[in-house]
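Everything on this sheet refers to the single structure shown next.
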Amino acid sequence: TVLDPDPERTAQRSVRVPPGVTVFDSASWNGIAIDSTCGGHGTCHKCKVKVEGSTPITRHDVKTFTREQLDEGWRLACLVNATRDMAVDVPPLTTRPKAATVGVGRQVILRPAVQKRYVELDEPTLADQRTDLARLVGAIDDLELTPDLHLLRRLPTVLRQADFKVTAVVVDEALIDVEPGDTTKAAYAIAFDLGTTTVVATLLDVSTGTPVAVASMLNKQQPFGGDVITRISATMMDPEALGRLRSAAAETLATLATQVCTEGAVDPAQVYEVALAGNATMTALALGIDPEPLGVAPFIMSTAQPPDLLAMELGLDLHPRARVTLFPALGAYVGGDIVAGMLATGMDRDKRTRLFIDVGTNCEIVVSNGDRILSTAAPAGPAFEGGAIRCGMRAADGAIEVVKLGASEEQGVELGVIGDVEPKGLCGSGLVDAVAELVRVGLLDASGRYVADDVAKEIAPALADRLTMLGQERVFVLHRPTPDAEPEDCVVLSQRDVRELQFAKAAISTGWTLLLEELGLEHRDVQQVLLAGSFGSYLSAASAVRIGLVPKLPVLRIVAAGNVAGEGAKMALLSVRERAGAQALLEEVTYVELSDRADFNDRFVDQLGF
Ligand code: FES
């Protein structure tokens, strides 16, 4: 529940987050603002929320709350982990913040490109014949302003209708509009994470840094294929496809823009800026640029930095002069979404050795040692999205996302299913969990093969009967809809599924192993692993370690980073300095191409086992 002083506006939101994420991060990822000046580090004692049910009390809680408040459930949101279904009351913000918490604990001082200035101008007289524009510009002397034709068309009428009391709208020093009266409190922008599968929009109040509404939907380009390669191929086979893909992207963005404006009760004409973070292919398709060179060796982008454009050129019906700022890309497969992610995680500002992995069909990897930053891309294939997996599915209702194998008959197989419904299939995190658990109990050997029946009976008697044949293939039955269901009617993990996952994880671990070696580092030198993206954030850290998807480190060093591309886009809207930081990353990060390395195949084979 998000409480508001106006009882009419108290809103109830239900959100889903990976287990273990703090309530503070859960709220921030879902566009719910909680008071803070320390960015979730447990030092400002401002992030007060009321949690239903029994919740551990930390020493910081004891310092912040009275005994009664603690009994009522008041806690500091950044110190409460979401480990179960929770009801949390979030009070309204007490202060108008000058900084916002975005990304992975980043505090951003507000310096948005969108600025509004309310001015009361002297009316012209025969003695004061300054032009309307000179009169307006003269009243705002701290900014170098360049007027826009749209503004000039409106200026004479608006000034006179509003008795020369107006608000100037400035975006990056361009004077784009003038509005009657004082509208300084209505300054909005939309951050888009244009994903291949899912697109997320966050409407931001840039004057306070507060998210107003968040919406997401499947990318309408889905019918052209689930991944970037199939969409690029579609444009190569059909000359009409590029136009249709561009329209599908535009429709997706426009639908979400309407949705967030309606939900936030914001006039779309008061949205003055848009930031868009997408991979190189999604960006090219949204702009109508031929993506073919991205899909064939040597994988060349048309440009690393697409020019800024007007939102209307992307089909968005916002302020007619609303600008779109696009993130630069490092390579055909380390795109603007990853640059945005690096911004959100502060990869260039942390002295620690950190590994950033955005797990997906194309997996992007970044390693930083506080001095140098290297990045690469690893083609992991569709396994994590449920593709090429016998019972694979997207992370939707009915997908098994957590698997625990018990030692006893009663414990058997414990499944976590999205939506708490009858299991229908296995999503990426369920796949990783299932394999990790089967390795742990010994039903999969180090080479990834199911063990023989007699060995299974000996080491895991309670589970052995779940190992069976389906056609020519050995499978492990995860869920039987009825006790006597045939294997083909069950949710199973086949030997081939295990192989698919082995290839995917070997591609990724070869990537980070080689990057660490380039920096002269070993696995144990990594101080933090950030698992990003809609899939990566939901992975169980313990399972990721067990199968070797990430270095063998204590699980506390492995952090679910959330939708960092969207967070980076928000940062760019809230601060022109941060936006410049994203540009600087282009110079700071070295892109390493792995596919032409002579030792790649040998290293890949080394990484296949568990
Ligand atoms: Fe500062 Fe929680 S955000 S103490």
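Labels for the structure tokens follow display order: chains A, B, ..., residues from 1 in each chain, ligands from 1.
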
(message) Using only C-alpha atoms, which protein or nucleic acid residues come within 9 Å of Leu515 of chain A? Drop anything in the same chain fewer than 4 positions from it, and give the result as a list of chain:residue names.
(response) A:Ile365, A:Val366, A:Val367, A:Leu374, A:Ser375, A:Thr376, A:Thr510, A:Gly511, A:Leu519, A:Gly520, A:Leu521, A:Val592

Proximity check chain A to ligand 1, 8 Å, nearest pairs one decimal Å, only C-alpha atoms and all ligand atoms, as JSON lines:
```
{"residue": "A:Phe24", "atom": "CA", "partner": "ligand 1", "partner_atom_place_in_ligand_line": "3 (S)", "distance": 7.0}
{"residue": "A:Ile34", "atom": "CA", "partner": "ligand 1", "partner_atom_place_in_ligand_line": "3 (S)", "distance": 7.9}
{"residue": "A:Asp35", "atom": "CA", "partner": "ligand 1", "partner_atom_place_in_ligand_line": "3 (S)", "distance": 7.0}
{"residue": "A:Ser36", "atom": "CA", "partner": "ligand 1", "partner_atom_place_in_ligand_line": "3 (S)", "distance": 4.4}
{"residue": "A:Thr37", "atom": "CA", "partner": "ligand 1", "partner_atom_place_in_ligand_line": "1 (Fe)", "distance": 5.7}
{"residue": "A:Cys38", "atom": "CA", "partner": "ligand 1", "partner_atom_place_in_ligand_line": "1 (Fe)", "distance": 4.4}
{"residue": "A:Gly39", "atom": "CA", "partner": "ligand 1", "partner_atom_place_in_ligand_line": "3 (S)", "distance": 5.1}
{"residue": "A:Gly40", "atom": "CA", "partner": "ligand 1", "partner_atom_place_in_ligand_line": "3 (S)", "distance": 3.5}
{"residue": "A:His41", "atom": "CA", "partner": "ligand 1", "partner_atom_place_in_ligand_line": "1 (Fe)", "distance": 5.4}
{"residue": "A:Gly42", "atom": "CA", "partner": "ligand 1", "partner_atom_place_in_ligand_line": "4 (S)", "distance": 3.4}
{"residue": "A:Thr43", "atom": "CA", "partner": "ligand 1", "partner_atom_place_in_ligand_line": "4 (S)", "distance": 4.5}
{"residue": "A:Cys44", "atom": "CA", "partner": "ligand 1", "partner_atom_place_in_ligand_line": "1 (Fe)", "distance": 3.9}
{"residue": "A:His45", "atom": "CA", "partner": "ligand 1", "partner_atom_place_in_ligand_line": "4 (S)", "distance": 3.8}
{"residue": "A:Lys46", "atom": "CA", "partner": "ligand 1", "partner_atom_place_in_ligand_line": "1 (Fe)", "distance": 5.5}
{"residue": "A:Cys47", "atom": "CA", "partner": "ligand 1", "partner_atom_place_in_ligand_line": "2 (Fe)", "distance": 4.5}
{"residue": "A:Lys48", "atom": "CA", "partner": "ligand 1", "partner_atom_place_in_ligand_line": "2 (Fe)", "distance": 7.5}
{"residue": "A:Leu76", "atom": "CA", "partner": "ligand 1", "partner_atom_place_in_ligand_line": "2 (Fe)", "distance": 5.4}
{"residue": "A:Ala77", "atom": "CA", "partner": "ligand 1", "partner_atom_place_in_ligand_line": "2 (Fe)", "distance": 5.7}
{"residue": "A:Cys78", "atom": "CA", "partner": "ligand 1", "partner_atom_place_in_ligand_line": "2 (Fe)", "distance": 4.3}
{"residue": "A:Leu79", "atom": "CA", "partner": "ligand 1", "partner_atom_place_in_ligand_line": "2 (Fe)", "distance": 6.7}
```

N, CA and C atoms of the current selection, written as a PDB file, in the first residue's frame:
```
ATOM      1  N   PHE A  24      13.199  -1.642   0.237  1.00  0.00           N
ATOM      2  CA  PHE A  24      13.550  -0.353  -0.364  1.00  0.00           C
ATOM      3  C   PHE A  24      13.811  -0.511  -1.875  1.00  0.00           C
ATOM      4  N   ILE A  34      10.315   5.970  -1.714  1.00  0.00           N
ATOM      5  CA  ILE A  34      10.425   5.923  -0.251  1.00  0.00           C
ATOM      6  C   ILE A  34      11.470   6.968   0.146  1.00  0.00           C
ATOM      7  N   ASP A  35      11.180   7.713   1.227  1.00  0.00           N
ATOM      8  CA  ASP A  35      12.133   8.729   1.695  1.00  0.00           C
ATOM      9  C   ASP A  35      13.522   8.140   1.886  1.00  0.00           C
ATOM     10  N   SER A  36      14.550   8.877   1.475  1.00  0.00           N
ATOM     11  CA  SER A  36      15.924   8.423   1.701  1.00  0.00           C
ATOM     12  C   SER A  36      16.888   9.522   1.291  1.00  0.00           C
ATOM     13  N   THR A  37      17.963   9.638   2.041  1.00  0.00           N
ATOM     14  CA  THR A  37      19.042  10.483   1.532  1.00  0.00           C
ATOM     15  C   THR A  37      20.344   9.697   1.424  1.00  0.00           C
ATOM     16  N   CYS A  38      20.315   8.429   1.875  1.00  0.00           N
ATOM     17  CA  CYS A  38      21.567   7.658   1.824  1.00  0.00           C
ATOM     18  C   CYS A  38      21.555   6.635   0.694  1.00  0.00           C
ATOM     19  N   GLY A  39      20.434   6.533  -0.012  1.00  0.00           N
ATOM     20  CA  GLY A  39      20.385   5.623  -1.151  1.00  0.00           C
ATOM     21  C   GLY A  39      20.291   4.161  -0.755  1.00  0.00           C
ATOM     22  N   GLY A  40      19.702   3.894   0.408  1.00  0.00           N
ATOM     23  CA  GLY A  40      19.485   2.499   0.785  1.00  0.00           C
ATOM     24  C   GLY A  40      20.666   1.874   1.500  1.00  0.00           C
ATOM     25  N   HIS A  41      21.526   2.693   2.109  1.00  0.00           N
ATOM     26  CA  HIS A  41      22.710   2.147   2.778  1.00  0.00           C
ATOM     27  C   HIS A  41      22.566   2.042   4.300  1.00  0.00           C
ATOM     28  N   GLY A  42      21.368   2.300   4.800  1.00  0.00           N
ATOM     29  CA  GLY A  42      21.128   2.088   6.235  1.00  0.00           C
ATOM     30  C   GLY A  42      21.669   3.183   7.123  1.00  0.00           C
ATOM     31  N   THR A  43      21.983   4.344   6.568  1.00  0.00           N
ATOM     32  CA  THR A  43      22.583   5.373   7.415  1.00  0.00           C
ATOM     33  C   THR A  43      21.698   6.605   7.629  1.00  0.00           C
ATOM     34  N   CYS A  44      20.714   6.842   6.755  1.00  0.00           N
ATOM     35  CA  CYS A  44      19.949   8.088   6.907  1.00  0.00           C
ATOM     36  C   CYS A  44      18.735   7.931   7.826  1.00  0.00           C
ATOM     37  N   HIS A  45      18.298   6.697   8.036  1.00  0.00           N
ATOM     38  CA  HIS A  45      17.169   6.383   8.928  1.00  0.00           C
ATOM     39  C   HIS A  45      15.880   7.083   8.493  1.00  0.00           C
ATOM     40  N   LYS A  46      15.726   7.306   7.193  1.00  0.00           N
ATOM     41  CA  LYS A  46      14.526   7.998   6.703  1.00  0.00           C
ATOM     42  C   LYS A  46      13.517   7.061   6.050  1.00  0.00           C
ATOM     43  N   CYS A  47      13.970   5.868   5.661  1.00  0.00           N
ATOM     44  CA  CYS A  47      13.131   5.012   4.811  1.00  0.00           C
ATOM     45  C   CYS A  47      12.125   4.214   5.638  1.00  0.00           C
ATOM     46  N   LYS A  48      11.269   4.933   6.355  1.00  0.00           N
ATOM     47  CA  LYS A  48      10.383   4.260   7.323  1.00  0.00           C
ATOM     48  C   LYS A  48       9.162   3.663   6.627  1.00  0.00           C
ATOM     49  N   LEU A  76      13.037   0.093   8.947  1.00  0.00           N
ATOM     50  CA  LEU A  76      13.728   0.804   7.870  1.00  0.00           C
ATOM     51  C   LEU A  76      13.689  -0.089   6.627  1.00  0.00           C
ATOM     52  N   ALA A  77      13.137   0.451   5.546  1.00  0.00           N
ATOM     53  CA  ALA A  77      12.860  -0.379   4.365  1.00  0.00           C
ATOM     54  C   ALA A  77      14.126  -0.965   3.750  1.00  0.00           C
ATOM     55  N   CYS A  78      15.262  -0.255   3.905  1.00  0.00           N
ATOM     56  CA  CYS A  78      16.465  -0.767   3.246  1.00  0.00           C
ATOM     57  C   CYS A  78      17.102  -1.906   4.041  1.00  0.00           C
ATOM     58  N   LEU A  79      16.551  -2.197   5.240  1.00  0.00           N
ATOM     59  CA  LEU A  79      17.117  -3.277   6.041  1.00  0.00           C
ATOM     60  C   LEU A  79      16.168  -4.471   6.154  1.00  0.00           C
TER      61      LEU A  79
END
```

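In this structure, atom CA of Ser534 of chain A sits 6.6 Å away from atom CA of Gly562 of chain A.
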
Using only C-alpha atoms, which residues sit within 8 Å of segment 575-587 of chain A once same-chain residues fewer than 6 positions away are excluded, as a ChimeraX atom specification? /A:108-113,327-330,339-340,343,348

Quick one: write out the picked residues with N, CA and C atoms as a PDB file, in the first residue's frame?
```
ATOM      1  N   VAL A 108      21.292  10.216  -6.990  1.00  0.00           N
ATOM      2  CA  VAL A 108      21.488  11.139  -8.103  1.00  0.00           C
ATOM      3  C   VAL A 108      20.998  12.522  -7.687  1.00  0.00           C
ATOM      4  N   ILE A 109      21.903  13.489  -7.727  1.00  0.00           N
ATOM      5  CA  ILE A 109      21.524  14.873  -7.442  1.00  0.00           C
ATOM      6  C   ILE A 109      20.721  15.357  -8.652  1.00  0.00           C
ATOM      7  N   LEU A 110      19.555  15.924  -8.383  1.00  0.00           N
ATOM      8  CA  LEU A 110      18.683  16.297  -9.502  1.00  0.00           C
ATOM      9  C   LEU A 110      19.250  17.461 -10.317  1.00  0.00           C
ATOM     10  N   ARG A 111      19.493  17.200 -11.579  1.00  0.00           N
ATOM     11  CA  ARG A 111      19.885  18.247 -12.530  1.00  0.00           C
ATOM     12  C   ARG A 111      19.277  17.858 -13.873  1.00  0.00           C
ATOM     13  N   PRO A 112      17.941  17.817 -13.937  1.00  0.00           N
ATOM     14  CA  PRO A 112      17.324  17.326 -15.170  1.00  0.00           C
ATOM     15  C   PRO A 112      17.536  18.294 -16.332  1.00  0.00           C
ATOM     16  N   ALA A 113      17.497  17.741 -17.544  1.00  0.00           N
ATOM     17  CA  ALA A 113      17.585  18.608 -18.727  1.00  0.00           C
ATOM     18  C   ALA A 113      16.326  19.447 -18.835  1.00  0.00           C
ATOM     19  N   PHE A 327      20.784   5.991 -25.608  1.00  0.00           N
ATOM     20  CA  PHE A 327      22.078   5.623 -25.025  1.00  0.00           C
ATOM     21  C   PHE A 327      23.046   5.185 -26.116  1.00  0.00           C
ATOM     22  N   PRO A 328      24.306   5.518 -25.971  1.00  0.00           N
ATOM     23  CA  PRO A 328      25.292   5.047 -26.945  1.00  0.00           C
ATOM     24  C   PRO A 328      25.549   3.548 -26.750  1.00  0.00           C
ATOM     25  N   ALA A 329      26.103   2.905 -27.772  1.00  0.00           N
ATOM     26  CA  ALA A 329      26.381   1.461 -27.687  1.00  0.00           C
ATOM     27  C   ALA A 329      27.879   1.232 -27.820  1.00  0.00           C
ATOM     28  N   LEU A 330      28.361   0.148 -27.209  1.00  0.00           N
ATOM     29  CA  LEU A 330      29.790  -0.177 -27.280  1.00  0.00           C
ATOM     30  C   LEU A 330      30.097  -1.114 -28.434  1.00  0.00           C
ATOM     31  N   VAL A 339      25.059  -0.017 -21.545  1.00  0.00           N
ATOM     32  CA  VAL A 339      25.666   1.246 -21.109  1.00  0.00           C
ATOM     33  C   VAL A 339      24.782   1.860 -20.012  1.00  0.00           C
ATOM     34  N   ALA A 340      23.469   1.808 -20.214  1.00  0.00           N
ATOM     35  CA  ALA A 340      22.546   2.318 -19.179  1.00  0.00           C
ATOM     36  C   ALA A 340      22.713   1.506 -17.891  1.00  0.00           C
ATOM     37  N   LEU A 343      25.744   2.542 -16.043  1.00  0.00           N
ATOM     38  CA  LEU A 343      25.499   3.815 -15.360  1.00  0.00           C
ATOM     39  C   LEU A 343      24.753   3.548 -14.050  1.00  0.00           C
ATOM     40  N   ASP A 348      31.757   2.358 -13.362  1.00  0.00           N
ATOM     41  CA  ASP A 348      32.972   3.162 -13.539  1.00  0.00           C
ATOM     42  C   ASP A 348      33.325   3.948 -12.284  1.00  0.00           C
TER      43      ASP A 348
END
```

Students should find that atom CA of Val559 of chain A and atom CA of Gly20 of chain A are spaced 9.3 Å

Test item, strand (DSSP E) assignment across segment 362-398 of chain A, answer as a ChimeraX atom specification: /A:362-368,373-379

If we count only C-alpha atoms, what is near Gly360 of chain A at a cut-off of 12 Å, once residues fewer than 6 positions away on the same chain are taken out, given as a PyMOL selection string? chain A and resi 195-197+226-228+279+333+377-387+394+428-429+501+504-505+507-508+531-537+539

Suppose we keep N, CA and C atoms; can you now write the selection as a compact mmCIF listing (two decimals), in the first residue's frame?
```
# COMPACT_ATOMS: atom_id res chain seq x y z
N GLY A 195 13.24 -3.56 -24.29
CA GLY A 195 13.81 -4.91 -24.33
C GLY A 195 13.30 -5.69 -25.52
N THR A 196 14.05 -6.73 -25.88
CA THR A 196 13.64 -7.58 -27.00
C THR A 196 12.32 -8.28 -26.65
N THR A 197 12.20 -8.71 -25.40
CA THR A 197 10.98 -9.40 -24.97
C THR A 197 10.00 -8.44 -24.32
N GLY A 226 11.43 -14.27 -31.40
CA GLY A 226 11.65 -14.00 -29.99
C GLY A 226 12.98 -13.32 -29.69
N ASP A 227 13.95 -13.41 -30.62
CA ASP A 227 15.25 -12.83 -30.31
C ASP A 227 15.70 -11.91 -31.44
N VAL A 228 16.83 -11.24 -31.22
CA VAL A 228 17.26 -10.23 -32.19
C VAL A 228 17.61 -10.86 -33.54
N ASN A 279 18.99 -2.56 -26.74
CA ASN A 279 20.18 -3.12 -27.36
C ASN A 279 20.31 -2.55 -28.78
N TYR A 333 26.75 -6.10 -29.99
CA TYR A 333 26.12 -6.94 -28.97
C TYR A 333 26.36 -6.47 -27.54
N ALA A 377 30.34 -9.87 -25.20
CA ALA A 377 29.02 -10.50 -25.33
C ALA A 377 29.23 -11.98 -25.56
N ALA A 378 28.34 -12.79 -24.98
CA ALA A 378 28.45 -14.24 -25.15
C ALA A 378 27.10 -14.74 -25.66
N PRO A 379 27.11 -15.48 -26.77
CA PRO A 379 25.83 -15.98 -27.28
C PRO A 379 25.38 -17.18 -26.47
N ALA A 380 24.47 -16.95 -25.52
CA ALA A 380 24.07 -18.03 -24.61
C ALA A 380 22.95 -18.88 -25.19
N GLY A 381 22.29 -18.39 -26.24
CA GLY A 381 21.18 -19.17 -26.81
C GLY A 381 19.91 -18.99 -26.01
N PRO A 382 18.83 -19.63 -26.47
CA PRO A 382 17.52 -19.31 -25.89
C PRO A 382 17.16 -20.07 -24.61
N ALA A 383 18.08 -20.91 -24.07
CA ALA A 383 17.70 -21.78 -22.95
C ALA A 383 17.10 -20.99 -21.79
N PHE A 384 17.71 -19.86 -21.43
CA PHE A 384 17.25 -19.11 -20.27
C PHE A 384 15.86 -18.53 -20.46
N GLU A 385 15.44 -18.39 -21.70
CA GLU A 385 14.09 -17.88 -21.93
C GLU A 385 13.12 -19.02 -22.20
N GLY A 386 13.57 -20.23 -21.95
CA GLY A 386 12.67 -21.38 -22.12
C GLY A 386 12.73 -21.96 -23.52
N GLY A 387 13.50 -21.33 -24.42
CA GLY A 387 13.60 -21.83 -25.79
C GLY A 387 14.48 -23.07 -25.83
N ARG A 394 8.24 -19.07 -20.91
CA ARG A 394 8.63 -17.78 -20.34
C ARG A 394 8.22 -17.73 -18.88
N GLY A 428 13.52 -19.99 -17.03
CA GLY A 428 14.98 -20.00 -16.94
C GLY A 428 15.51 -20.22 -15.53
N SER A 429 14.94 -19.51 -14.54
CA SER A 429 15.48 -19.66 -13.19
C SER A 429 15.15 -21.05 -12.65
N LEU A 501 21.55 -26.16 -21.29
CA LEU A 501 21.97 -25.26 -20.21
C LEU A 501 23.49 -25.26 -20.07
N ALA A 504 24.88 -22.96 -22.64
CA ALA A 504 24.60 -21.55 -22.30
C ALA A 504 25.53 -21.07 -21.19
N LYS A 505 25.64 -21.90 -20.15
CA LYS A 505 26.45 -21.43 -19.02
C LYS A 505 27.95 -21.44 -19.38
N ALA A 507 29.15 -20.72 -22.32
CA ALA A 507 29.40 -19.50 -23.12
C ALA A 507 29.63 -18.33 -22.18
N ILE A 508 28.80 -18.25 -21.14
CA ILE A 508 28.89 -17.12 -20.21
C ILE A 508 30.15 -17.21 -19.35
N LEU A 531 23.83 -9.54 -11.03
CA LEU A 531 23.05 -10.28 -12.03
C LEU A 531 21.92 -9.38 -12.47
N ALA A 532 21.92 -9.00 -13.74
CA ALA A 532 20.99 -7.98 -14.21
C ALA A 532 19.97 -8.57 -15.16
N GLY A 533 18.97 -7.75 -15.44
CA GLY A 533 17.96 -8.12 -16.42
C GLY A 533 16.82 -8.87 -15.79
N SER A 534 15.73 -9.01 -16.53
CA SER A 534 14.54 -9.59 -15.94
C SER A 534 14.78 -11.05 -15.57
N PHE A 535 15.66 -11.74 -16.28
CA PHE A 535 15.94 -13.13 -15.92
C PHE A 535 17.02 -13.21 -14.84
N GLY A 536 18.13 -12.52 -15.09
CA GLY A 536 19.26 -12.60 -14.16
C GLY A 536 18.87 -12.28 -12.73
N SER A 537 17.99 -11.29 -12.56
CA SER A 537 17.63 -10.87 -11.20
C SER A 537 16.89 -11.94 -10.44
N LEU A 539 17.45 -15.24 -10.72
CA LEU A 539 18.24 -16.45 -10.54
C LEU A 539 18.59 -16.66 -9.07
```

Hey, what does DSSP flag as alpha helix (DSSP H) within segment 164-301 of chain A? Can you give it to me as a PDB file with C-alpha atoms, in the first residue's frame?
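Writing done, so here's part_12.pdb:
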```
ATOM      1  CA  VAL A 228      17.263 -10.227 -32.187  1.00  0.00           C
ATOM      2  CA  ILE A 229      18.636 -12.646 -34.787  1.00  0.00           C
ATOM      3  CA  THR A 230      15.204 -13.803 -35.967  1.00  0.00           C
ATOM      4  CA  ARG A 231      14.042 -10.192 -36.202  1.00  0.00           C
ATOM      5  CA  ILE A 232      17.132  -9.225 -38.200  1.00  0.00           C
ATOM      6  CA  SER A 233      16.529 -12.250 -40.465  1.00  0.00           C
ATOM      7  CA  ALA A 234      12.922 -11.123 -40.956  1.00  0.00           C
ATOM      8  CA  THR A 235      14.186  -7.817 -42.406  1.00  0.00           C
ATOM      9  CA  MET A 236      16.587  -9.703 -44.682  1.00  0.00           C
ATOM     10  CA  MET A 237      13.861 -11.917 -46.113  1.00  0.00           C
ATOM     11  CA  ALA A 241       9.499  -6.175 -42.486  1.00  0.00           C
ATOM     12  CA  LEU A 242      11.709  -3.294 -41.344  1.00  0.00           C
ATOM     13  CA  GLY A 243       8.803  -0.851 -41.661  1.00  0.00           C
ATOM     14  CA  ARG A 244       6.499  -3.223 -39.826  1.00  0.00           C
ATOM     15  CA  LEU A 245       9.024  -3.812 -37.039  1.00  0.00           C
ATOM     16  CA  ARG A 246       9.492  -0.075 -36.682  1.00  0.00           C
ATOM     17  CA  SER A 247       5.716   0.422 -36.400  1.00  0.00           C
ATOM     18  CA  ALA A 248       5.466  -2.399 -33.850  1.00  0.00           C
ATOM     19  CA  ALA A 249       8.134  -0.711 -31.689  1.00  0.00           C
ATOM     20  CA  ALA A 250       6.369   2.640 -32.041  1.00  0.00           C
ATOM     21  CA  GLU A 251       3.016   1.103 -31.061  1.00  0.00           C
ATOM     22  CA  THR A 252       4.557  -0.558 -28.009  1.00  0.00           C
ATOM     23  CA  LEU A 253       6.149   2.688 -26.826  1.00  0.00           C
ATOM     24  CA  ALA A 254       2.996   4.714 -27.519  1.00  0.00           C
ATOM     25  CA  THR A 255       0.733   2.244 -25.676  1.00  0.00           C
ATOM     26  CA  LEU A 256       2.982   2.348 -22.626  1.00  0.00           C
ATOM     27  CA  ALA A 257       3.263   6.164 -22.733  1.00  0.00           C
ATOM     28  CA  THR A 258      -0.520   6.456 -22.724  1.00  0.00           C
ATOM     29  CA  GLN A 259      -0.776   3.916 -19.937  1.00  0.00           C
ATOM     30  CA  VAL A 260       1.680   5.656 -17.581  1.00  0.00           C
ATOM     31  CA  CYS A 261       0.200   9.109 -18.272  1.00  0.00           C
ATOM     32  CA  THR A 262      -3.324   7.833 -17.565  1.00  0.00           C
ATOM     33  CA  GLU A 263      -2.232   6.010 -14.441  1.00  0.00           C
ATOM     34  CA  ALA A 280      21.715  -2.161 -30.712  1.00  0.00           C
ATOM     35  CA  THR A 281      19.149  -4.142 -32.733  1.00  0.00           C
ATOM     36  CA  MET A 282      16.107  -2.852 -30.839  1.00  0.00           C
ATOM     37  CA  THR A 283      17.409   0.697 -31.185  1.00  0.00           C
ATOM     38  CA  ALA A 284      18.052   0.293 -34.923  1.00  0.00           C
ATOM     39  CA  LEU A 285      14.593  -1.219 -35.495  1.00  0.00           C
ATOM     40  CA  ALA A 286      12.829   1.510 -33.502  1.00  0.00           C
ATOM     41  CA  LEU A 287      14.628   4.115 -35.612  1.00  0.00           C
ATOM     42  CA  GLU A 292      21.340  -6.483 -41.319  1.00  0.00           C
ATOM     43  CA  PRO A 293      25.022  -5.560 -40.672  1.00  0.00           C
ATOM     44  CA  LEU A 294      24.404  -6.231 -36.957  1.00  0.00           C
ATOM     45  CA  GLY A 295      23.444  -9.815 -37.702  1.00  0.00           C
TER      46      GLY A 295
END
```

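Note that the spacing between atom CA of Lys116 of chain A and atom CA of Val169 of chain A amounts to 4.8 Å.
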